[in-house]
>>> print(open('protein.pdb').read())   # PDB, C-alpha atoms
ATOM      1  CA  MET O   1     -20.287 230.424 140.353
ATOM      2  CA  ARG O   2     -20.175 226.661 139.961
ATOM      3  CA  GLU O   3     -16.918 224.732 140.376
ATOM      4  CA  PHE O   4     -15.669 222.829 137.335
ATOM      5  CA  GLN O   5     -12.398 221.611 138.820
ATOM      6  CA  GLY O   6     -11.986 218.784 141.290
ATOM      7  CA  VAL O   7     -13.564 215.381 141.846
ATOM      8  CA  PHE O   8     -16.936 214.454 140.364
ATOM      9  CA  PRO O   9     -18.462 211.073 141.261
ATOM     10  CA  ALA O  10     -20.112 209.421 138.263
ATOM     11  CA  THR O  11     -23.177 208.487 140.254
ATOM     12  CA  LEU O  12     -24.915 205.145 140.345
ATOM     13  CA  THR O  13     -28.548 204.713 139.389
ATOM     14  CA  PRO O  14     -30.251 202.352 141.864
ATOM     15  CA  PHE O  15     -32.917 199.877 140.784
ATOM     16  CA  ARG O  16     -35.280 198.047 143.125
ATOM     17  CA  THR O  17     -34.767 194.798 141.187
ATOM     18  CA  PRO O  18     -32.864 193.894 137.999
ATOM     19  CA  THR O  19     -36.074 194.490 136.013
ATOM     20  CA  GLY O  20     -37.653 197.005 138.378
ATOM     21  CA  SER O  21     -38.011 200.744 138.811
ATOM     22  CA  VAL O  22     -35.552 203.443 139.843
ATOM     23  CA  ASP O  23     -35.239 203.922 143.614
ATOM     24  CA  THR O  24     -35.309 207.698 143.987
ATOM     25  CA  GLY O  25     -35.104 207.472 147.777
ATOM     26  CA  TRP O  26     -31.701 205.807 147.450
ATOM     27  CA  ILE O  27     -30.548 208.592 145.124
ATOM     28  CA  LYS O  28     -31.549 211.222 147.692
ATOM     29  CA  ASP O  29     -29.593 209.479 150.447
ATOM     30  CA  HIS O  30     -26.575 208.995 148.187
ATOM     31  CA  MET O  31     -26.584 212.657 147.186
ATOM     32  CA  ARG O  32     -26.665 213.661 150.853
ATOM     33  CA  PHE O  33     -23.676 211.377 151.453
ATOM     34  CA  LEU O  34     -21.742 212.972 148.576
ATOM     35  CA  VAL O  35     -22.555 216.511 149.725
ATOM     36  CA  GLN O  36     -20.914 215.618 153.053
ATOM     37  CA  GLN O  37     -17.772 214.400 151.258
ATOM     38  CA  ASP O  38     -17.031 217.872 149.866
ATOM     39  CA  VAL O  39     -16.707 216.778 146.239
ATOM     40  CA  ALA O  40     -16.925 219.446 143.541
ATOM     41  CA  GLY O  41     -19.977 217.936 141.912
ATOM     42  CA  VAL O  42     -21.505 214.876 140.306
ATOM     43  CA  LEU O  43     -22.119 213.383 136.896
ATOM     44  CA  ALA O  44     -25.451 211.570 136.665
ATOM     45  CA  LEU O  45     -26.635 209.156 133.960
ATOM     46  CA  GLY O  46     -23.238 208.252 132.573
ATOM     47  CA  THR O  47     -21.880 204.746 132.061
ATOM     48  CA  THR O  48     -21.667 204.030 135.795
ATOM     49  CA  GLY O  49     -25.196 205.404 136.089
ATOM     50  CA  GLU O  50     -26.425 202.974 133.408
ATOM     51  CA  GLY O  51     -27.932 205.912 131.536
ATOM     52  CA  PRO O  52     -28.575 204.039 128.257
ATOM     53  CA  SER O  53     -30.608 201.432 130.178
ATOM     54  CA  LEU O  54     -33.177 204.008 131.306
ATOM     55  CA  SER O  55     -36.236 205.265 129.470
ATOM     56  CA  MET O  56     -36.580 208.965 128.744
ATOM     57  CA  ASP O  57     -39.096 209.344 131.573
ATOM     58  CA  GLU O  58     -36.767 207.540 133.981
ATOM     59  CA  ARG O  59     -33.857 209.744 133.000
ATOM     60  CA  LYS O  60     -35.971 212.816 133.672
ATOM     61  CA  GLN O  61     -36.934 211.345 137.045
ATOM     62  CA  VAL O  62     -33.256 210.896 137.931
ATOM     63  CA  ILE O  63     -32.441 214.432 136.767
ATOM     64  CA  ASP O  64     -35.236 215.872 138.916
ATOM     65  CA  THR O  65     -34.086 213.939 141.977
ATOM     66  CA  VAL O  66     -30.423 214.856 141.568
ATOM     67  CA  MET O  67     -31.171 218.535 140.987
ATOM     68  CA  ASN O  68     -33.358 218.702 144.094
ATOM     69  CA  GLN O  69     -30.550 217.276 146.250
ATOM     70  CA  ARG O  70     -27.548 219.027 144.697
ATOM     71  CA  GLY O  71     -26.773 221.473 147.483
ATOM     72  CA  GLU O  72     -23.861 223.581 146.222
ATOM     73  CA  MET O  73     -22.498 220.864 143.961
ATOM     74  CA  THR O  74     -21.959 221.268 140.235
ATOM     75  CA  VAL O  75     -24.163 218.857 138.285
ATOM     76  CA  MET O  76     -23.286 217.307 134.941
ATOM     77  CA  ILE O  77     -25.861 215.133 133.186
ATOM     78  CA  GLY O  78     -25.255 212.405 130.623
ATOM     79  CA  THR O  79     -27.713 213.094 127.818
ATOM     80  CA  GLY O  80     -26.380 211.018 124.940
ATOM     81  CA  CYS O  81     -28.974 208.767 123.277
ATOM     82  CA  VAL O  82     -28.924 206.683 120.113
ATOM     83  CA  SER O  83     -31.137 209.140 118.222
ATOM     84  CA  LEU O  84     -30.499 212.830 117.639
ATOM     85  CA  PRO O  85     -34.045 213.981 118.573
ATOM     86  CA  GLU O  86     -33.904 212.162 121.921
ATOM     87  CA  THR O  87     -30.452 213.558 122.701
ATOM     88  CA  ILE O  88     -31.645 217.077 121.959
ATOM     89  CA  ALA O  89     -34.826 216.629 123.999
ATOM     90  CA  LEU O  90     -32.989 215.236 127.021
ATOM     91  CA  SER O  91     -30.264 217.884 126.774
ATOM     92  CA  ARG O  92     -32.892 220.619 126.748
ATOM     93  CA  TYR O  93     -34.649 219.066 129.732
ATOM     94  CA  ALA O  94     -31.401 218.876 131.697
ATOM     95  CA  MET O  95     -30.583 222.498 130.890
ATOM     96  CA  GLU O  96     -34.065 223.683 131.849
ATOM     97  CA  SER O  97     -33.734 221.741 135.111
ATOM     98  CA  GLY O  98     -30.567 223.651 135.999
ATOM     99  CA  ALA O  99     -27.774 221.284 134.961
ATOM    100  CA  ASP O 100     -24.390 222.988 134.708
ATOM    101  CA  ALA O 101     -23.001 220.837 131.888
ATOM    102  CA  LEU O 102     -24.064 218.055 129.526
ATOM    103  CA  LEU O 103     -22.018 214.945 128.772
ATOM    104  CA  VAL O 104     -22.840 213.694 125.282
ATOM    105  CA  ALA O 105     -21.602 210.342 124.025
ATOM    106  CA  PRO O 106     -21.629 209.631 120.296
ATOM    107  CA  PRO O 107     -24.576 207.596 118.990
ATOM    108  CA  PHE O 108     -23.381 204.037 119.371
ATOM    109  CA  PHE O 109     -25.573 201.725 117.282
ATOM    110  CA  PHE O 110     -23.963 202.313 113.890
ATOM    111  CA  LYS O 111     -20.237 201.569 113.711
ATOM    112  CA  ASP O 112     -17.454 202.929 111.494
ATOM    113  CA  VAL O 113     -19.383 206.119 110.861
ATOM    114  CA  PRO O 114     -17.487 209.017 109.242
ATOM    115  CA  ASP O 115     -16.201 211.925 111.285
ATOM    116  CA  SER O 116     -18.314 214.214 109.121
ATOM    117  CA  GLY O 117     -21.498 212.488 110.277
ATOM    118  CA  LEU O 118     -20.534 212.671 113.944
ATOM    119  CA  LEU O 119     -19.517 216.303 113.630
ATOM    120  CA  THR O 120     -22.871 217.144 112.059
ATOM    121  CA  TYR O 121     -24.567 215.259 114.916
ATOM    122  CA  PHE O 122     -22.759 217.221 117.638
ATOM    123  CA  ARG O 123     -23.240 220.516 115.804
ATOM    124  CA  ALA O 124     -26.976 219.872 115.578
ATOM    125  CA  ILE O 125     -27.094 219.353 119.343
ATOM    126  CA  CYS O 126     -25.266 222.621 119.978
ATOM    127  CA  ASP O 127     -27.522 224.443 117.505
ATOM    128  CA  ALA O 128     -30.568 223.240 119.440
ATOM    129  CA  LEU O 129     -29.284 224.517 122.797
ATOM    130  CA  PRO O 130     -28.852 228.025 124.203
ATOM    131  CA  GLU O 131     -25.430 229.638 123.898
ATOM    132  CA  ALA O 132     -24.985 229.284 127.652
ATOM    133  CA  ALA O 133     -24.992 225.476 127.382
ATOM    134  CA  ARG O 134     -21.786 223.644 128.273
ATOM    135  CA  VAL O 135     -21.342 220.501 126.190
ATOM    136  CA  LEU O 136     -18.758 217.848 127.030
ATOM    137  CA  LEU O 137     -17.974 215.149 124.491
ATOM    138  CA  TYR O 138     -17.672 211.660 125.967
ATOM    139  CA  HIS O 139     -14.780 209.564 124.667
ATOM    140  CA  ILE O 140     -15.227 205.955 125.797
ATOM    141  CA  PRO O 141     -14.575 203.871 122.671
ATOM    142  CA  GLN O 142     -14.218 200.593 124.572
ATOM    143  CA  VAL O 143     -17.954 200.903 125.311
ATOM    144  CA  THR O 144     -19.413 202.832 122.380
ATOM    145  CA  THR O 145     -16.869 201.625 119.754
ATOM    146  CA  VAL O 146     -17.338 205.107 118.285
ATOM    147  CA  PRO O 147     -14.339 207.304 119.148
ATOM    148  CA  ILE O 148     -14.124 211.057 119.469
ATOM    149  CA  THR O 149     -11.371 212.028 117.027
ATOM    150  CA  LEU O 150      -9.239 215.148 116.755
ATOM    151  CA  PRO O 151     -10.993 216.305 113.538
ATOM    152  CA  ILE O 152     -14.322 216.192 115.398
ATOM    153  CA  VAL O 153     -12.823 218.207 118.253
ATOM    154  CA  GLN O 154     -11.324 220.776 115.893
ATOM    155  CA  GLY O 155     -14.525 221.086 113.881
ATOM    156  CA  LEU O 156     -16.638 221.708 116.966
ATOM    157  CA  ILE O 157     -14.148 224.248 118.325
ATOM    158  CA  GLU O 158     -14.404 226.137 115.046
ATOM    159  CA  SER O 159     -18.190 226.093 114.786
ATOM    160  CA  HIS O 160     -19.367 226.220 118.416
ATOM    161  CA  PRO O 161     -16.605 227.630 120.639
ATOM    162  CA  ARG O 162     -19.089 228.967 123.192
ATOM    163  CA  GLN O 163     -20.961 225.723 123.814
ATOM    164  CA  PHE O 164     -18.184 223.176 123.313
ATOM    165  CA  PHE O 165     -16.914 223.117 126.874
ATOM    166  CA  GLY O 166     -14.712 220.047 127.095
ATOM    167  CA  ILE O 167     -14.102 216.321 126.900
ATOM    168  CA  LYS O 168     -14.364 213.444 129.327
ATOM    169  CA  ASP O 169     -11.794 210.837 128.292
ATOM    170  CA  SER O 170     -12.504 207.423 129.819
ATOM    171  CA  SER O 171     -10.475 205.463 127.279
ATOM    172  CA  GLY O 172      -7.611 204.750 129.664
ATOM    173  CA  ASP O 173      -5.176 205.620 126.868
ATOM    174  CA  LEU O 174      -2.835 208.330 128.099
ATOM    175  CA  ALA O 175      -1.581 209.097 124.581
ATOM    176  CA  THR O 176      -5.122 209.952 123.525
ATOM    177  CA  PHE O 177      -5.629 212.196 126.541
ATOM    178  CA  ALA O 178      -2.308 213.920 125.891
ATOM    179  CA  ALA O 179      -3.336 214.535 122.282
ATOM    180  CA  PHE O 180      -6.621 216.087 123.392
ATOM    181  CA  ALA O 181      -4.734 218.252 125.891
ATOM    182  CA  GLN O 182      -2.215 219.470 123.330
ATOM    183  CA  TYR O 183      -4.768 220.027 120.578
ATOM    184  CA  ALA O 184      -7.487 221.739 122.577
ATOM    185  CA  ARG O 185      -5.897 223.731 125.373
ATOM    186  CA  GLU O 186      -8.929 225.992 125.743
ATOM    187  CA  LEU O 187     -11.219 223.083 126.667
ATOM    188  CA  TYR O 188     -11.929 221.600 130.079
ATOM    189  CA  LEU O 189     -10.594 218.050 130.027
ATOM    190  CA  TYR O 190     -11.583 215.438 132.596
ATOM    191  CA  GLY O 191      -9.925 212.145 133.343
ATOM    192  CA  GLY O 192     -12.432 209.318 133.476
ATOM    193  CA  ASN O 193     -10.140 206.370 134.178
ATOM    194  CA  GLU O 194      -8.870 205.989 137.742
ATOM    195  CA  ARG O 195      -5.892 203.855 136.719
ATOM    196  CA  ILE O 196      -4.232 206.891 135.100
ATOM    197  CA  ALA O 197      -5.813 209.651 137.190
ATOM    198  CA  ALA O 198      -2.522 211.226 138.272
ATOM    199  CA  GLU O 199      -1.149 211.102 134.750
ATOM    200  CA  THR O 200      -4.193 212.849 133.298
ATOM    201  CA  LEU O 201      -3.887 215.569 135.928
ATOM    202  CA  ALA O 202      -0.233 216.002 135.001
ATOM    203  CA  HIS O 203      -1.324 216.460 131.381
ATOM    204  CA  GLY O 204      -3.766 219.213 132.279
ATOM    205  CA  ALA O 205      -7.012 217.571 133.404
ATOM    206  CA  ARG O 206      -9.217 220.028 135.272
ATOM    207  CA  GLY O 207     -10.761 217.242 137.297
ATOM    208  CA  LEU O 208     -11.552 213.565 137.687
ATOM    209  CA  ILE O 209     -14.962 212.071 136.912
ATOM    210  CA  SER O 210     -14.850 208.823 138.826
ATOM    211  CA  ALA O 211     -16.996 205.756 139.424
ATOM    212  CA  ILE O 212     -15.029 204.817 142.536
ATOM    213  CA  ALA O 213     -15.830 208.230 144.039
ATOM    214  CA  ASN O 214     -19.387 206.972 144.625
ATOM    215  CA  LEU O 215     -18.007 204.927 147.488
ATOM    216  CA  PHE O 216     -14.457 206.143 148.169
ATOM    217  CA  PRO O 217     -14.392 209.834 147.253
ATOM    218  CA  ASP O 218     -11.505 210.269 149.688
ATOM    219  CA  ALA O 219      -9.270 208.013 147.584
ATOM    220  CA  VAL O 220      -9.929 210.049 144.451
ATOM    221  CA  GLN O 221      -9.650 213.348 146.310
ATOM    222  CA  ALA O 222      -6.276 212.221 147.647
ATOM    223  CA  VAL O 223      -4.855 212.010 144.123
ATOM    224  CA  TYR O 224      -6.364 215.323 143.063
ATOM    225  CA  LEU O 225      -5.223 217.175 146.186
ATOM    226  CA  ALA O 226      -1.749 215.634 146.132
ATOM    227  CA  HIS O 227      -1.338 216.827 142.557
ATOM    228  CA  ARG O 228      -2.657 220.299 143.351
ATOM    229  CA  ASN O 229      -0.794 220.788 146.631
ATOM    230  CA  GLY O 230       2.489 219.004 145.964
ATOM    231  CA  GLY O 231       1.753 215.917 148.060
ATOM    232  CA  ASP O 232       2.676 212.274 147.568
ATOM    233  CA  VAL O 233       0.956 211.707 144.244
ATOM    234  CA  ALA O 234       2.572 208.311 143.701
ATOM    235  CA  ALA O 235       1.239 206.837 146.947
ATOM    236  CA  ALA O 236      -2.255 208.203 146.396
ATOM    237  CA  GLN O 237      -2.320 206.973 142.797
ATOM    238  CA  HIS O 238      -1.052 203.523 143.791
ATOM    239  CA  HIS O 239      -3.968 203.124 146.186
ATOM    240  CA  LEU O 240      -6.519 204.400 143.682
ATOM    241  CA  ARG O 241      -5.185 202.118 140.950
ATOM    242  CA  ALA O 242      -5.484 199.125 143.264
ATOM    243  CA  LEU O 243      -9.094 200.041 144.050
ATOM    244  CA  SER O 244      -9.788 200.438 140.348
ATOM    245  CA  ASP O 245      -8.372 196.989 139.656
ATOM    246  CA  ALA O 246     -10.670 195.500 142.300
ATOM    247  CA  PHE O 247     -13.739 196.924 140.537
ATOM    248  CA  THR O 248     -12.614 196.403 136.933
ATOM    249  CA  GLY O 249     -15.030 194.461 134.753
ATOM    250  CA  ASN O 250     -18.011 194.708 137.110
ATOM    251  CA  THR O 251     -17.986 198.337 138.155
ATOM    252  CA  PRO O 252     -21.701 199.179 138.672
ATOM    253  CA  PRO O 253     -22.655 195.828 140.272
ATOM    254  CA  ALA O 254     -19.503 195.771 142.399
ATOM    255  CA  LEU O 255     -20.021 199.312 143.642
ATOM    256  CA  LYS O 256     -23.658 198.599 144.446
ATOM    257  CA  ALA O 257     -22.671 195.490 146.385
ATOM    258  CA  ALA O 258     -20.030 197.397 148.352
ATOM    259  CA  MET O 259     -22.029 200.517 149.247
ATOM    260  CA  PRO O 260     -23.572 199.058 152.449
ATOM    261  CA  TRP O 261     -20.157 197.892 153.662
ATOM    262  CA  TYR O 262     -18.829 201.451 153.939
ATOM    263  CA  THR O 263     -21.936 203.671 154.068
ATOM    264  CA  SER O 264     -25.436 203.598 155.556
ATOM    265  CA  LEU O 265     -26.919 203.023 152.094
ATOM    266  CA  PRO O 266     -28.560 199.653 151.411
ATOM    267  CA  ARG O 267     -27.563 197.391 148.566
ATOM    268  CA  THR O 268     -29.339 198.098 145.301
ATOM    269  CA  SER O 269     -29.576 196.354 141.937
ATOM    270  CA  VAL O 270     -28.229 196.972 138.478
ATOM    271  CA  ARG O 271     -30.632 196.732 135.563
ATOM    272  CA  VAL O 272     -30.476 193.951 133.007
ATOM    273  CA  PRO O 273     -28.538 193.186 130.864
ATOM    274  CA  LEU O 274     -26.029 193.805 133.691
ATOM    275  CA  SER O 275     -26.041 191.262 136.518
ATOM    276  CA  ASP O 276     -25.658 191.729 140.252
ATOM    277  CA  LEU O 277     -22.682 190.064 141.931
ATOM    278  CA  HIS O 278     -23.115 186.513 143.164
ATOM    279  CA  ASP O 279     -22.390 185.816 146.835
ATOM    280  CA  LYS O 280     -18.933 184.372 146.159
ATOM    281  CA  GLU O 281     -18.005 187.331 143.965
ATOM    282  CA  GLY O 282     -19.207 189.719 146.635
ATOM    283  CA  GLU O 283     -17.226 188.012 149.392
ATOM    284  CA  ARG O 284     -14.083 188.049 147.263
ATOM    285  CA  LEU O 285     -14.556 191.771 146.642
ATOM    286  CA  ARG O 286     -15.205 192.463 150.323
ATOM    287  CA  GLN O 287     -11.933 190.800 151.289
ATOM    288  CA  GLN O 288     -10.025 192.698 148.613
ATOM    289  CA  LEU O 289     -11.412 196.030 149.742
ATOM    290  CA  GLN O 290     -10.735 195.330 153.410
ATOM    291  CA  THR O 291      -7.096 194.644 152.598
ATOM    292  CA  LEU O 292      -6.738 197.667 150.345
ATOM    293  CA  ARG O 293      -8.412 200.114 152.700
ATOM    294  CA  ALA O 294      -6.354 198.907 155.634
ATOM    295  CA  ALA O 295      -3.234 199.722 153.626
ATOM    296  CA  ALA O 296      -4.475 203.109 152.373
ATOM    297  CA  PRO O 297      -2.128 206.091 152.757
ATOM    298  CA  SER O 298      -3.212 208.482 155.492
ATOM    299  CA  ALA O 299      -4.628 211.003 152.999
ATOM    300  CA  ALA O 300      -6.989 208.340 151.683
ATOM    301  CA  ALA O 301      -7.811 206.460 154.854
ATOM    302  CA  PRO O 302     -11.350 205.271 155.598
ATOM    303  CA  GLY O 303     -13.513 207.967 157.074
ATOM    304  CA  THR O 304     -11.548 210.917 155.672
ATOM    305  CA  SER O 305     -12.442 213.285 152.855
TER     306      SER O 305
END
>>> encode(input="protein.pdb", output="structure tokens")
Amino acid sequence: MREFQGVFPATLTPFRTPTGSVDTGWIKDHMRFLVQQDVAGVLALGTTGEGPSLSMDERKQVIDTVMNQRGEMTVMIGTGCVSLPETIALSRYAMESGADALLVAPPFFFKDVPDSGLLTYFRAICDALPEAARVLLYHIPQVTTVPITLPIVQGLIESHPRQFFGIKDSSGDLATFAAFAQYARELYLYGGNERIAAETLAHGARGLISAIANLFPDAVQAVYLAHRNGGDVAAAQHHLRALSDAFTGNTPPALKAAMPWYTSLPRTSVRVPLSDLHDKEGERLRQQLQTLRAAAPSAAAPGTS
């Protein structure tokens, strides 16, 4: 039985150059690192994983690599594309490859679309998948500018209660998360914003899907475990929020720059239109992280999990 509660790194996708190919060897090494950190699972091909910047073939390549290195971890795959046929095709591929859940963002090219259109879109995806599929809706309106609304949630609960598994809320708006939690108690809700991780757990989040957990899974685990076991949640959350602030605005390039400072993994590139950190930006980040990690509470100290 797979675990759907706990900490799930939203994994990076490494590129050999800003316009180059995916480095599957790096993915294998990173997955081995995460297996050793005792996280519940991973989410591949989300925002941190630059999923929309990959071709369909590249996404399948990433899925294959992640699934082959999963160990006992639960695997969620981001399958949202701009077009319905591509989203269905990628979702089917992920399911056939053994993925435990699918994270589906709304199609993001057209703006101000009606809830009825989005609901029909998500229902069509569920209709195209087996009943055993677990579909998570991805609410990240600051990126997609297409929000997941309560009428969409209610409509999908009514029509596809077996497949509609939950929501990942990365909006950073606690009121929105609280509304999801109150309105859809039967769903699995995941916090996707480290700045309010403890608050989302207090409002019923089953787990945390975190970019920072690529590099510092211990810091995210500290918040989750403190909440679960009655520890010092405030101290753990203070440290995680400070780390989040250090990465804000440049999360994938900053994480990729920092990976070799704290792991055996080499630096890797983001894909255009994102840009890798310049040397001065990297040095500023290195100094920030050194200060923050030196001041980490014992439950989130370097080298612990």
>>> resolve_selection(input="protein.pdb", expression="the PyMOL selection byres ((chain O and resi 75) around 10)", output="MDAnalysis selection string")
chainID O and resid 2:4 8 40:44 63 66:67 70:74 76:77 94 98:102
>>> write_last_selection(input="protein.pdb", atoms="C-alpha atoms", output="mmCIF file, in the coordinates of the input")
data_model
loop_
_atom_site.group_PDB
_atom_site.id
_atom_site.type_symbol
_atom_site.label_atom_id
_atom_site.label_comp_id
_atom_site.auth_asym_id
_atom_site.auth_seq_id
_atom_site.Cartn_x
_atom_site.Cartn_y
_atom_site.Cartn_z
ATOM 1 C CA ARG O 2 -20.175 226.661 139.961
ATOM 2 C CA GLU O 3 -16.918 224.732 140.376
ATOM 3 C CA PHE O 4 -15.669 222.829 137.335
ATOM 4 C CA PHE O 8 -16.936 214.454 140.364
ATOM 5 C CA ALA O 40 -16.925 219.446 143.541
ATOM 6 C CA GLY O 41 -19.977 217.936 141.912
ATOM 7 C CA VAL O 42 -21.505 214.876 140.306
ATOM 8 C CA LEU O 43 -22.119 213.383 136.896
ATOM 9 C CA ALA O 44 -25.451 211.570 136.665
ATOM 10 C CA ILE O 63 -32.441 214.432 136.767
ATOM 11 C CA VAL O 66 -30.423 214.856 141.568
ATOM 12 C CA MET O 67 -31.171 218.535 140.987
ATOM 13 C CA ARG O 70 -27.548 219.027 144.697
ATOM 14 C CA GLY O 71 -26.773 221.473 147.483
ATOM 15 C CA GLU O 72 -23.861 223.581 146.222
ATOM 16 C CA MET O 73 -22.498 220.864 143.961
ATOM 17 C CA THR O 74 -21.959 221.268 140.235
ATOM 18 C CA MET O 76 -23.286 217.307 134.941
ATOM 19 C CA ILE O 77 -25.861 215.133 133.186
ATOM 20 C CA ALA O 94 -31.401 218.876 131.697
ATOM 21 C CA GLY O 98 -30.567 223.651 135.999
ATOM 22 C CA ALA O 99 -27.774 221.284 134.961
ATOM 23 C CA ASP O 100 -24.390 222.988 134.708
ATOM 24 C CA ALA O 101 -23.001 220.837 131.888
ATOM 25 C CA LEU O 102 -24.064 218.055 129.526
#
>>> atom_distance(input="protein.pdb", atom1="CA of Pro18 (chain O)", atom2="CA of Ser269 (chain O)")
5.7 Å
>>> closest_residue(input="protein.pdb", among="O:Gly80, O:Pro217, O:Gly155, O:Gly207", to="Thr47 (chain O)", atoms="all atoms listed in the file")
O:Gly80
>>> resolve_selection(input="protein.pdb", expression="the PyMOL selection byres ((chain O and resi 89) around 12)", output="number ranges by chain")
O: 56-57, 59-60, 79-81, 83-88, 90-96, 124-126, 128-129
>>> resolve_selection(input="protein.pdb", expression="the PyMOL selection byres ((chain O and resi 137) around 8)", output="PyMOL selection string")
chain O and resi 103-106+135-136+138-139+148+166-168
>>> atom_distance(input="protein.pdb", atom1="CA of Met31 (chain O)", atom2="CA of Tyr190 (chain O)")
21.1 Å
>>> closest_residue(input="protein.pdb", among="O:Ala198, O:Gly231, O:Arg284, O:Ala211", to="Thr251 (chain O)", atoms="all atoms listed in the file")
O:Ala211
>>> closest_residue(input="protein.pdb", among="O:Asp245, O:Glu194, O:Asp112, O:Asp29", to="Val220 (chain O)", atoms="all atoms listed in the file")
O:Glu194
>>> closest_atom_pairs(input="protein.pdb", of="region 187-246 of chain O", to="region 174-181 of chain O", cutoff="8 Å", atoms="all atoms listed in the file", output="tab-separated table")
residue	atom	partner	partner_atom	distance
O:Leu189	CA	O:Ala181	CA	7.2
O:Ile196	CA	O:Leu174	CA	7.3
O:Glu199	CA	O:Leu174	CA	7.4
O:Thr200	CA	O:Phe177	CA	6.9
O:His203	CA	O:Ala178	CA	6.1
O:Gly204	CA	O:Ala181	CA	6.5
O:Ala205	CA	O:Ala181	CA	7.9
>>> residues_around(input="protein.pdb", residues="Ala235 (chain O)", least_positions_apart="3", cutoff="9 Å", atoms="all atoms listed in the file", output="PyMOL selection string")
chain O and resi 223+232+238-240+296-297
>>> residues_near_point(input="protein.pdb", point="(-7.4, 205.3, 135.9)", cutoff="8 Å", atoms="all atoms listed in the file", output="list in words")
Gly172, Gly191, Gly192, Asn193, Glu194, Arg195, Ile196, Ala197, Leu240, Arg241 and Ser244 of chain O
>>> atom_distance(input="protein.pdb", atom1="CA of Gly78 (chain O)", atom2="CA of Pro141 (chain O)")
15.8 Å
>>> residues_around(input="protein.pdb", residues="Gln290 (chain O)", least_positions_apart="2", cutoff="12 Å", atoms="only C-alpha atoms", output="NGL selection string")
:O and (243 or 246 or 258 or 261-262 or 283-288 or 292-296 or 301-302)
>>> residues_near_point(input="protein.pdb", point="(-21.2, 220.4, 113.6)", cutoff="10 Å", atoms="all atoms listed in the file", output="number ranges by chain")
O: 116-127, 152-153, 155-160
>>> closest_residue(input="protein.pdb", among="O:Leu225, O:Val146, O:Ala202, O:Leu187", to="Gln163 (chain O)", atoms="all atoms listed in the file")
O:Leu187
>>> closest_residue(input="protein.pdb", among="O:Ser55, O:His30, O:Ala257, O:Gly46", to="Val270 (chain O)", atoms="only C-alpha atoms")
O:Ala257
>>> residues_around(input="protein.pdb", residues="Thr268 (chain O)", least_positions_apart="5", cutoff="10 Å", atoms="only C-alpha atoms", output="NGL selection string")
:O and (12-18 or 22-23 or 26 or 253 or 255-260 or 276)
